[in-house]
>>> print(open('structure-v2.pdb').read())   # PDB, C-alpha atoms
MODEL        1
ATOM      1  CA  MET A   1     186.152  59.509 -10.971
ATOM      2  CA  ALA A   2     189.357  59.913  -8.947
ATOM      3  CA  THR A   3     188.999  62.452  -6.192
ATOM      4  CA  THR A   4     192.457  62.298  -4.637
ATOM      5  CA  ALA A   5     195.493  64.029  -6.041
ATOM      6  CA  ALA A   6     198.896  62.430  -6.353
ATOM      7  CA  THR A   7     199.779  63.491  -2.827
ATOM      8  CA  GLU A   8     199.600  62.153   0.693
ATOM      9  CA  LEU A   9     198.538  65.521   2.059
ATOM     10  CA  PRO A  10     195.273  65.639   4.026
ATOM     11  CA  ILE A  11     193.272  67.606   1.474
ATOM     12  CA  TYR A  12     190.495  69.802   2.861
ATOM     13  CA  ARG A  13     187.035  69.270   1.373
ATOM     14  CA  LEU A  14     184.714  72.232   1.007
ATOM     15  CA  ASP A  15     181.072  71.935   1.914
ATOM     16  CA  VAL A  16     178.422  73.264  -0.463
ATOM     17  CA  ASP A  17     177.608  76.292   1.694
ATOM     18  CA  THR A  18     181.251  77.417   1.804
ATOM     19  CA  TYR A  19     181.582  76.882  -1.943
ATOM     20  CA  HIS A  20     178.508  79.007  -2.598
ATOM     21  CA  ARG A  21     179.795  81.763  -0.313
ATOM     22  CA  LEU A  22     183.118  81.812  -2.165
ATOM     23  CA  ALA A  23     181.376  81.863  -5.536
ATOM     24  CA  GLU A  24     178.929  84.607  -4.554
ATOM     25  CA  ALA A  25     181.798  86.759  -3.251
ATOM     26  CA  GLY A  26     183.595  86.433  -6.580
ATOM     27  CA  ALA A  27     186.557  84.557  -5.125
ATOM     28  CA  LEU A  28     186.225  81.794  -7.724
ATOM     29  CA  ASP A  29     185.810  84.083 -10.731
ATOM     30  CA  GLY A  30     187.949  83.024 -13.660
ATOM     31  CA  MET A  31     188.886  79.655 -12.201
ATOM     32  CA  GLY A  32     186.483  77.579 -14.306
ATOM     33  CA  VAL A  33     185.876  75.113 -11.496
ATOM     34  CA  GLU A  34     183.059  73.040 -10.077
ATOM     35  CA  LEU A  35     182.643  71.322  -6.720
ATOM     36  CA  LEU A  36     182.807  67.526  -6.787
ATOM     37  CA  GLU A  37     182.936  65.529  -3.572
ATOM     38  CA  GLY A  38     184.247  68.571  -1.707
ATOM     39  CA  LEU A  39     187.080  69.327  -4.132
ATOM     40  CA  LEU A  40     187.511  72.023  -6.768
ATOM     41  CA  PHE A  41     187.769  70.375 -10.186
ATOM     42  CA  ASP A  42     188.690  72.069 -13.446
ATOM     43  CA  LYS A  43     185.715  71.910 -15.796
ATOM     44  CA  ASP A  44     186.213  69.900 -18.997
ATOM     45  CA  SER A  45     189.730  68.904 -17.965
ATOM     46  CA  SER A  46     191.284  65.917 -19.672
ATOM     47  CA  ARG A  47     194.218  65.742 -17.244
ATOM     48  CA  GLU A  48     194.707  62.596 -15.197
ATOM     49  CA  ASP A  49     194.500  64.757 -12.066
ATOM     50  CA  PRO A  50     191.813  67.406 -12.736
ATOM     51  CA  ILE A  51     191.850  68.867  -9.207
ATOM     52  CA  HIS A  52     192.282  72.638  -9.537
ATOM     53  CA  ARG A  53     195.517  74.085  -8.150
ATOM     54  CA  ILE A  54     195.049  77.448  -6.432
ATOM     55  CA  ASP A  55     197.634  80.230  -6.570
ATOM     56  CA  VAL A  56     198.317  82.430  -3.546
ATOM     57  CA  GLY A  57     196.418  85.384  -5.017
ATOM     58  CA  SER A  58     193.270  83.291  -5.418
ATOM     59  CA  TYR A  59     193.742  81.794  -1.970
ATOM     60  CA  GLN A  60     194.077  85.221  -0.381
ATOM     61  CA  ARG A  61     190.880  86.343  -2.104
ATOM     62  CA  MET A  62     189.138  83.261  -0.738
ATOM     63  CA  VAL A  63     190.406  84.042   2.773
ATOM     64  CA  ALA A  64     189.312  87.678   2.463
ATOM     65  CA  THR A  65     185.689  86.635   1.937
ATOM     66  CA  GLY A  66     185.528  85.231   5.479
ATOM     67  CA  ALA A  67     184.130  81.940   4.164
ATOM     68  CA  LEU A  68     187.174  80.069   5.473
ATOM     69  CA  ASP A  69     187.144  81.663   8.940
ATOM     70  CA  GLY A  70     187.580  79.115  11.710
ATOM     71  CA  LYS A  71     188.798  76.407   9.348
ATOM     72  CA  ARG A  72     192.309  75.108  10.096
ATOM     73  CA  ILE A  73     193.704  74.984   6.600
ATOM     74  CA  GLU A  74     196.752  76.174   4.689
ATOM     75  CA  LEU A  75     197.738  76.269   1.027
ATOM     76  CA  LEU A  76     200.378  73.713   0.018
ATOM     77  CA  ASN A  77     201.271  72.977  -3.594
ATOM     78  CA  GLY A  78     198.067  74.601  -4.779
ATOM     79  CA  LEU A  79     195.811  72.520  -2.526
ATOM     80  CA  LEU A  80     193.756  73.412   0.525
ATOM     81  CA  VAL A  81     195.250  71.191   3.213
ATOM     82  CA  GLU A  82     193.944  70.428   6.682
ATOM     83  CA  MET A  83     196.200  71.469   9.564
ATOM     84  CA  SER A  84     196.570  69.169  12.554
ATOM     85  CA  PRO A  85     194.628  70.153  15.697
ATOM     86  CA  LYS A  86     196.655  71.949  18.354
ATOM     87  CA  SER A  87     197.180  69.443  21.140
ATOM     88  CA  ALA A  88     198.225  70.502  24.631
ATOM     89  CA  ASP A  89     201.767  69.256  23.961
ATOM     90  CA  HIS A  90     201.915  71.254  20.738
ATOM     91  CA  VAL A  91     200.908  74.436  22.556
ATOM     92  CA  VAL A  92     203.447  73.817  25.338
ATOM     93  CA  VAL A  93     206.326  73.367  22.911
ATOM     94  CA  VAL A  94     205.402  76.370  20.740
ATOM     95  CA  ASN A  95     205.280  78.581  23.826
ATOM     96  CA  ALA A  96     208.640  77.242  25.009
ATOM     97  CA  LEU A  97     210.146  78.134  21.625
ATOM     98  CA  MET A  98     208.638  81.622  21.780
ATOM     99  CA  ARG A  99     210.235  82.206  25.177
ATOM    100  CA  HIS A 100     213.569  80.867  23.943
ATOM    101  CA  PHE A 101     213.715  83.257  20.983
ATOM    102  CA  GLU A 102     212.045  86.284  22.570
ATOM    103  CA  ALA A 103     215.387  88.103  22.962
ATOM    104  CA  ALA A 104     216.252  87.746  19.281
ATOM    105  CA  PRO A 105     216.557  91.159  17.556
ATOM    106  CA  LEU A 106     214.440  89.911  14.675
ATOM    107  CA  TRP A 107     210.867  89.911  13.427
ATOM    108  CA  MET A 108     209.068  86.934  14.966
ATOM    109  CA  GLN A 109     205.740  85.573  13.832
ATOM    110  CA  VAL A 110     203.873  82.640  15.327
ATOM    111  CA  GLN A 111     201.590  80.378  13.275
ATOM    112  CA  ASP A 112     201.224  83.023  10.570
ATOM    113  CA  PRO A 113     201.504  82.464   6.808
ATOM    114  CA  ILE A 114     204.556  82.763   4.591
ATOM    115  CA  GLU A 115     204.115  83.254   0.859
ATOM    116  CA  ALA A 116     206.674  80.570   0.086
ATOM    117  CA  SER A 117     205.852  80.145  -3.616
ATOM    118  CA  TRP A 118     203.216  81.012  -6.200
ATOM    119  CA  ASP A 119     200.977  78.162  -5.003
ATOM    120  CA  SER A 120     201.920  77.687  -1.347
ATOM    121  CA  GLU A 121     201.226  79.666   1.807
ATOM    122  CA  PRO A 122     202.321  77.472   4.730
ATOM    123  CA  GLU A 123     201.891  78.606   8.331
ATOM    124  CA  PRO A 124     204.983  77.544  10.292
ATOM    125  CA  ASP A 125     204.699  77.428  14.060
ATOM    126  CA  LEU A 126     207.512  79.964  14.375
ATOM    127  CA  ALA A 127     209.375  82.133  11.882
ATOM    128  CA  LEU A 128     212.206  84.597  12.420
ATOM    129  CA  ALA A 129     212.994  87.144   9.719
ATOM    130  CA  SER A 130     215.452  90.006   9.410
ATOM    131  CA  ARG A 131     212.608  92.517   9.134
ATOM    132  CA  LYS A 132     208.832  92.623   9.177
ATOM    133  CA  PRO A 133     207.078  92.348   5.807
ATOM    134  CA  PRO A 134     205.897  95.475   4.003
ATOM    135  CA  ARG A 135     202.434  96.704   4.909
ATOM    136  CA  GLY A 136     199.753  94.543   3.359
ATOM    137  CA  ARG A 137     202.215  91.806   2.396
ATOM    138  CA  LEU A 138     203.272  88.469   3.837
ATOM    139  CA  LEU A 139     206.764  87.223   4.520
ATOM    140  CA  ARG A 140     208.253  85.461   1.515
ATOM    141  CA  THR A 141     211.282  84.050   3.289
ATOM    142  CA  ALA A 142     212.842  83.928   6.754
ATOM    143  CA  LEU A 143     216.122  83.215   8.508
ATOM    144  CA  LEU A 144     214.608  80.339  10.475
ATOM    145  CA  VAL A 145     211.303  78.491  10.391
ATOM    146  CA  ILE A 146     210.145  75.915  12.924
ATOM    147  CA  GLU A 147     207.409  73.305  12.676
ATOM    148  CA  VAL A 148     206.258  71.432  15.782
ATOM    149  CA  ALA A 149     205.120  67.946  14.798
ATOM    150  CA  VAL A 150     202.858  65.830  16.984
ATOM    151  CA  SER A 151     201.194  63.970  14.106
ATOM    152  CA  SER A 152     202.134  66.044  11.033
ATOM    153  CA  HIS A 153     205.577  64.529  10.451
ATOM    154  CA  GLN A 154     204.994  63.395   6.875
ATOM    155  CA  ALA A 155     204.039  66.807   5.502
ATOM    156  CA  ASP A 156     206.642  68.584   7.648
ATOM    157  CA  ARG A 157     209.493  66.334   6.463
ATOM    158  CA  ASN A 158     208.461  66.280   2.817
ATOM    159  CA  GLU A 159     206.248  68.970   1.279
ATOM    160  CA  LYS A 160     207.096  71.678   3.795
ATOM    161  CA  ALA A 161     210.820  70.942   3.771
ATOM    162  CA  THR A 162     210.771  71.305  -0.020
ATOM    163  CA  LEU A 163     208.784  74.556   0.156
ATOM    164  CA  TYR A 164     211.086  76.113   2.736
ATOM    165  CA  ALA A 165     214.189  75.059   0.812
ATOM    166  CA  ASN A 166     212.745  76.561  -2.385
ATOM    167  CA  ALA A 167     212.014  79.784  -0.477
ATOM    168  CA  ASP A 168     215.740  79.906   0.354
ATOM    169  CA  ILE A 169     215.154  79.703   4.100
ATOM    170  CA  PRO A 170     218.616  78.751   5.408
ATOM    171  CA  ILE A 171     217.556  76.881   8.545
ATOM    172  CA  TYR A 172     214.491  74.714   9.155
ATOM    173  CA  TRP A 173     213.820  73.079  12.510
ATOM    174  CA  LEU A 174     211.343  70.250  12.823
ATOM    175  CA  VAL A 175     210.517  69.620  16.472
ATOM    176  CA  ASP A 176     209.441  65.978  16.780
ATOM    177  CA  VAL A 177     207.368  65.884  19.965
ATOM    178  CA  PRO A 178     206.811  62.095  20.238
ATOM    179  CA  ALA A 179     210.524  61.418  19.644
ATOM    180  CA  ARG A 180     211.661  64.275  21.919
ATOM    181  CA  SER A 181     214.069  65.475  19.271
ATOM    182  CA  VAL A 182     214.840  68.462  17.058
ATOM    183  CA  GLU A 183     215.757  67.964  13.393
ATOM    184  CA  VAL A 184     217.882  70.828  12.061
ATOM    185  CA  ARG A 185     217.935  71.137   8.283
ATOM    186  CA  THR A 186     220.472  73.432   6.615
ATOM    187  CA  GLN A 187     222.003  74.158   3.211
ATOM    188  CA  PRO A 188     218.859  74.530   1.065
ATOM    189  CA  ASP A 189     219.085  73.844  -2.646
ATOM    190  CA  SER A 190     216.465  73.719  -5.385
ATOM    191  CA  ASP A 191     214.180  71.173  -3.736
ATOM    192  CA  CYS A 192     215.581  70.018  -0.389
ATOM    193  CA  TYR A 193     218.070  70.630   2.403
ATOM    194  CA  ALA A 194     221.484  69.042   1.961
ATOM    195  CA  LYS A 195     222.072  68.475   5.685
ATOM    196  CA  CYS A 196     219.920  67.261   8.564
ATOM    197  CA  ALA A 197     221.250  66.917  12.105
ATOM    198  CA  ILE A 198     219.070  65.432  14.846
ATOM    199  CA  TYR A 199     219.396  66.470  18.502
ATOM    200  CA  HIS A 200     217.957  64.468  21.398
ATOM    201  CA  VAL A 201     217.318  64.949  25.118
ATOM    202  CA  GLY A 202     220.688  65.550  26.784
ATOM    203  CA  GLU A 203     221.994  67.572  23.832
ATOM    204  CA  LEU A 204     222.032  71.235  22.877
ATOM    205  CA  VAL A 205     220.780  72.522  19.540
ATOM    206  CA  PRO A 206     223.278  75.125  18.288
ATOM    207  CA  SER A 207     221.705  78.550  18.149
ATOM    208  CA  PRO A 208     221.509  80.193  14.727
ATOM    209  CA  LEU A 209     221.833  83.601  16.424
ATOM    210  CA  GLU A 210     224.574  85.093  18.581
ATOM    211  CA  GLU A 211     222.003  86.811  20.785
ATOM    212  CA  VAL A 212     220.179  83.567  21.629
ATOM    213  CA  ALA A 213     221.548  80.671  23.692
ATOM    214  CA  ASP A 214     221.772  77.125  22.421
ATOM    215  CA  LEU A 215     218.525  75.210  22.955
ATOM    216  CA  ASP A 216     218.516  72.515  25.629
ATOM    217  CA  VAL A 217     216.334  69.749  24.203
ATOM    218  CA  ALA A 218     215.454  68.465  27.673
ATOM    219  CA  ASP A 219     214.234  71.917  28.707
ATOM    220  CA  LEU A 220     212.165  72.228  25.519
ATOM    221  CA  PHE A 221     210.184  69.081  26.407
ATOM    222  CA  ALA A 222     210.194  69.519  30.194
ATOM    223  CA  ASP A 223     206.462  70.290  30.388
ATOM    224  CA  VAL A 224     205.288  67.804  27.760
ATOM    225  CA  ASP A 225     202.990  65.179  29.318
ATOM    226  CA  SER A 226     202.703  62.403  26.754
TER     227      SER A 226
ENDMDL
END
>>> encode(input="structure-v2.pdb", output="structure tokens")
Amino acid sequence: MATTAATELPIYRLDVDTYHRLAEAGALDGMGVELLEGLLFDKDSSREDPIHRIDVGSYQRMVATGALDGKRIELLNGLLVEMSPKSADHVVVVNALMRHFEAAPLWMQVQDPIEASWDSEPEPDLALASRKPPRGRLLRTALLVIEVAVSSHQADRNEKATLYANADIPIYWLVDVPARSVEVRTQPDSDCYAKCAIYHVGELVPSPLEEVADLDVADLFADVDS
């Protein structure tokens, strides 16, 4: 039996205890699933890929049970996906970005989820929106999202770029820590960004906001060790 979906994403595998906690809390009611090798499979499915795709409502119910507390996962394309560990360099760069945008007259959230589509709830490292979401709701779009990639480049350049474009987020920055560069994607269409400009050490990334200065790439990576 195939236990990998047609994706290169690092799929998270549930243990039996977590599965039982989710089931007992009612979070799996109506899904018609069973646990096989750590993955949720649709029962009696004849599809080539029988792995169950989760919608954001089901995912939020699963999160609300507390069974996923402490697990670094996010929902991408209906799948529970492992998030990369936060290295020291990752933390340094995220904090540098927070300081850079702290004067922006916008709603800022850091490493919090966005309800980007019916089956995806990514958690960008930084998001700037025109206003905070309504009480009890998540952001569904933003003016700018930023992902800091130490080892997560594949998902950030592919699945997440597609999700953010589909959510009509006009600007997506991918900060490539090993390459010491910032990839700026603009002009979203139905499934991708039409333009991508790459800025390196010695260059300035144009600010998307009048109230915020251009970003000096050298300054962004000044405290990165590796």
>>> resolve_selection(input="structure-v2.pdb", expression="the PyMOL selection byres ((chain A and resi 118) around 6)", output="PyMOL selection string")
chain A and resi 55-56+117+119
>>> resolve_selection(input="structure-v2.pdb", expression="the PyMOL selection byres ((chain A and resi 121-138) around 9)", output="PyMOL selection string")
chain A and resi 56+59+74-78+94+97-98+101+104-120+139-148+160+163
>>> closest_residue(input="structure-v2.pdb", among="A:Val63, A:Ile198, A:Ala23, A:Val33", to="A:Arg185", atoms="only C-alpha atoms")
A:Ile198
>>> resolve_selection(input="structure-v2.pdb", expression="the PyMOL selection byres ((chain A and resi 166-182) around 9)", output="MDAnalysis selection string")
chainID A and resid 89:90 93 115:117 140:151 153 156:157 161:165 183:193 197:201 205 208 217:218 220:221 224 226
>>> closest_residue(input="structure-v2.pdb", among="A:Asp15, A:Asp69, A:Glu34, A:Asp223", to="A:His52", atoms="only C-alpha atoms")
A:Glu34
>>> atom_distance(input="structure-v2.pdb", atom1="atom CA of A:Met31", atom2="atom CA of A:Lys43")
9.1 Å
>>> atom_distance(input="structure-v2.pdb", atom1="atom CA of A:Gly38", atom2="atom CA of A:Ser58")
17.7 Å
>>> atom_distance(input="structure-v2.pdb", atom1="atom CA of A:Ala155", atom2="atom CA of A:Glu8")
8.0 Å
>>> axis_aligned_box(input="structure-v2.pdb", around="stretch 172-188 of chain A", padding_each_side="6 Å", output="AutoDock Vina command-line options")
--center_x 214.4 --center_y 68.1 --center_z 11.5 --size_x 27.2 --size_y 25.3 --size_z 32.9
>>> residues_around(input="structure-v2.pdb", residues="A:Leu40", least_positions_apart="5", cutoff="12 Å", atoms="all atoms listed in the file", output="PyMOL selection string")
chain A and resi 3-5+11-16+18-19+22-23+28+31-35+45+49-54+78-80
>>> closest_residue(input="structure-v2.pdb", among="A:Ala67, A:Ala96, A:Ala27, A:Leu9", to="A:Glu82", atoms="all atoms listed in the file")
A:Leu9
>>> closest_residue(input="structure-v2.pdb", among="A:Ser46, A:Asp225, A:Ser87, A:Leu209", to="A:Ala103", atoms="only C-alpha atoms")
A:Leu209
>>> build_atoms(input="structure-v2.pdb", residues="stretch 190-201 of chain A", atoms="all heavy atoms", output="PDB file, keeping the file's coordinate frame")
ATOM      1  N   SER A 190     217.667  73.486  -4.590  1.00  0.00           N
ATOM      2  CA  SER A 190     216.465  73.719  -5.385  1.00  0.00           C
ATOM      3  C   SER A 190     215.222  73.017  -4.848  1.00  0.00           C
ATOM      4  O   SER A 190     214.100  73.487  -5.047  1.00  0.00           O
ATOM      5  CB  SER A 190     216.691  73.295  -6.837  1.00  0.00           C
ATOM      6  OG  SER A 190     217.017  71.910  -6.893  1.00  0.00           O
ATOM      7  N   ASP A 191     215.373  71.879  -4.182  1.00  0.00           N
ATOM      8  CA  ASP A 191     214.180  71.173  -3.736  1.00  0.00           C
ATOM      9  C   ASP A 191     214.327  70.452  -2.401  1.00  0.00           C
ATOM     10  O   ASP A 191     213.436  69.697  -2.021  1.00  0.00           O
ATOM     11  CB  ASP A 191     213.726  70.167  -4.798  1.00  0.00           C
ATOM     12  CG  ASP A 191     214.794  69.104  -5.092  1.00  0.00           C
ATOM     13  OD1 ASP A 191     215.871  69.167  -4.481  1.00  0.00           O
ATOM     14  OD2 ASP A 191     214.530  68.233  -5.929  1.00  0.00           O
ATOM     15  N   CYS A 192     215.419  70.681  -1.680  1.00  0.00           N
ATOM     16  CA  CYS A 192     215.581  70.018  -0.389  1.00  0.00           C
ATOM     17  C   CYS A 192     216.720  70.667   0.382  1.00  0.00           C
ATOM     18  O   CYS A 192     217.378  71.599  -0.106  1.00  0.00           O
ATOM     19  CB  CYS A 192     215.851  68.520  -0.570  1.00  0.00           C
ATOM     20  SG  CYS A 192     217.429  68.165  -1.372  1.00  0.00           S
ATOM     21  N   TYR A 193     216.931  70.190   1.597  1.00  0.00           N
ATOM     22  CA  TYR A 193     218.070  70.630   2.403  1.00  0.00           C
ATOM     23  C   TYR A 193     219.151  69.558   2.331  1.00  0.00           C
ATOM     24  O   TYR A 193     218.879  68.357   2.451  1.00  0.00           O
ATOM     25  CB  TYR A 193     217.645  70.847   3.857  1.00  0.00           C
ATOM     26  CG  TYR A 193     216.817  72.100   4.060  1.00  0.00           C
ATOM     27  CD1 TYR A 193     215.430  72.056   3.969  1.00  0.00           C
ATOM     28  CD2 TYR A 193     217.427  73.323   4.329  1.00  0.00           C
ATOM     29  CE1 TYR A 193     214.661  73.206   4.141  1.00  0.00           C
ATOM     30  CE2 TYR A 193     216.667  74.473   4.505  1.00  0.00           C
ATOM     31  CZ  TYR A 193     215.295  74.409   4.408  1.00  0.00           C
ATOM     32  OH  TYR A 193     214.548  75.552   4.571  1.00  0.00           O
ATOM     33  N   ALA A 194     220.387  69.999   2.137  1.00  0.00           N
ATOM     34  CA  ALA A 194     221.484  69.042   1.961  1.00  0.00           C
ATOM     35  C   ALA A 194     221.868  68.364   3.265  1.00  0.00           C
ATOM     36  O   ALA A 194     222.372  67.241   3.254  1.00  0.00           O
ATOM     37  CB  ALA A 194     222.698  69.756   1.357  1.00  0.00           C
ATOM     38  N   LYS A 195     221.654  69.040   4.401  1.00  0.00           N
ATOM     39  CA  LYS A 195     222.072  68.475   5.685  1.00  0.00           C
ATOM     40  C   LYS A 195     220.908  68.424   6.671  1.00  0.00           C
ATOM     41  O   LYS A 195     220.062  69.323   6.689  1.00  0.00           O
ATOM     42  CB  LYS A 195     223.221  69.290   6.286  1.00  0.00           C
ATOM     43  CG  LYS A 195     224.549  69.130   5.559  1.00  0.00           C
ATOM     44  CD  LYS A 195     225.679  69.783   6.345  1.00  0.00           C
ATOM     45  CE  LYS A 195     227.031  69.536   5.685  1.00  0.00           C
ATOM     46  NZ  LYS A 195     228.147  70.139   6.463  1.00  0.00           N
ATOM     47  N   CYS A 196     220.906  67.389   7.486  1.00  0.00           N
ATOM     48  CA  CYS A 196     219.920  67.261   8.564  1.00  0.00           C
ATOM     49  C   CYS A 196     220.605  66.645   9.766  1.00  0.00           C
ATOM     50  O   CYS A 196     221.083  65.506   9.699  1.00  0.00           O
ATOM     51  CB  CYS A 196     218.738  66.400   8.132  1.00  0.00           C
ATOM     52  SG  CYS A 196     217.503  66.158   9.441  1.00  0.00           S
ATOM     53  N   ALA A 197     220.683  67.405  10.849  1.00  0.00           N
ATOM     54  CA  ALA A 197     221.250  66.917  12.105  1.00  0.00           C
ATOM     55  C   ALA A 197     220.130  66.777  13.117  1.00  0.00           C
ATOM     56  O   ALA A 197     219.253  67.643  13.200  1.00  0.00           O
ATOM     57  CB  ALA A 197     222.316  67.881  12.621  1.00  0.00           C
ATOM     58  N   ILE A 198     220.139  65.703  13.887  1.00  0.00           N
ATOM     59  CA  ILE A 198     219.070  65.432  14.846  1.00  0.00           C
ATOM     60  C   ILE A 198     219.632  65.499  16.264  1.00  0.00           C
ATOM     61  O   ILE A 198     220.655  64.865  16.571  1.00  0.00           O
ATOM     62  CB  ILE A 198     218.427  64.062  14.592  1.00  0.00           C
ATOM     63  CG1 ILE A 198     217.902  63.990  13.155  1.00  0.00           C
ATOM     64  CG2 ILE A 198     217.281  63.814  15.576  1.00  0.00           C
ATOM     65  CD1 ILE A 198     217.299  62.651  12.774  1.00  0.00           C
ATOM     66  N   TYR A 199     218.958  66.267  17.124  1.00  0.00           N
ATOM     67  CA  TYR A 199     219.396  66.470  18.502  1.00  0.00           C
ATOM     68  C   TYR A 199     218.349  65.881  19.448  1.00  0.00           C
ATOM     69  O   TYR A 199     217.150  66.084  19.267  1.00  0.00           O
ATOM     70  CB  TYR A 199     219.596  67.959  18.784  1.00  0.00           C
ATOM     71  CG  TYR A 199     220.670  68.570  17.905  1.00  0.00           C
ATOM     72  CD1 TYR A 199     220.356  69.049  16.628  1.00  0.00           C
ATOM     73  CD2 TYR A 199     221.990  68.640  18.339  1.00  0.00           C
ATOM     74  CE1 TYR A 199     221.338  69.591  15.809  1.00  0.00           C
ATOM     75  CE2 TYR A 199     222.977  69.191  17.519  1.00  0.00           C
ATOM     76  CZ  TYR A 199     222.640  69.659  16.261  1.00  0.00           C
ATOM     77  OH  TYR A 199     223.618  70.189  15.451  1.00  0.00           O
ATOM     78  N   HIS A 200     218.836  65.169  20.469  1.00  0.00           N
ATOM     79  CA  HIS A 200     217.957  64.468  21.398  1.00  0.00           C
ATOM     80  C   HIS A 200     218.097  65.040  22.810  1.00  0.00           C
ATOM     81  O   HIS A 200     218.965  65.893  23.067  1.00  0.00           O
ATOM     82  CB  HIS A 200     218.298  62.975  21.403  1.00  0.00           C
ATOM     83  CG  HIS A 200     218.170  62.324  20.058  1.00  0.00           C
ATOM     84  ND1 HIS A 200     216.974  61.851  19.574  1.00  0.00           N
ATOM     85  CD2 HIS A 200     219.099  62.087  19.085  1.00  0.00           C
ATOM     86  CE1 HIS A 200     217.150  61.351  18.360  1.00  0.00           C
ATOM     87  NE2 HIS A 200     218.430  61.477  18.041  1.00  0.00           N
ATOM     88  N   VAL A 201     217.243  64.550  23.717  1.00  0.00           N
ATOM     89  CA  VAL A 201     217.318  64.949  25.118  1.00  0.00           C
ATOM     90  C   VAL A 201     218.736  64.663  25.629  1.00  0.00           C
ATOM     91  O   VAL A 201     219.300  63.591  25.382  1.00  0.00           O
ATOM     92  CB  VAL A 201     216.270  64.195  25.960  1.00  0.00           C
ATOM     93  CG1 VAL A 201     216.490  64.444  27.446  1.00  0.00           C
ATOM     94  CG2 VAL A 201     214.863  64.619  25.537  1.00  0.00           C
TER      95      VAL A 201
END
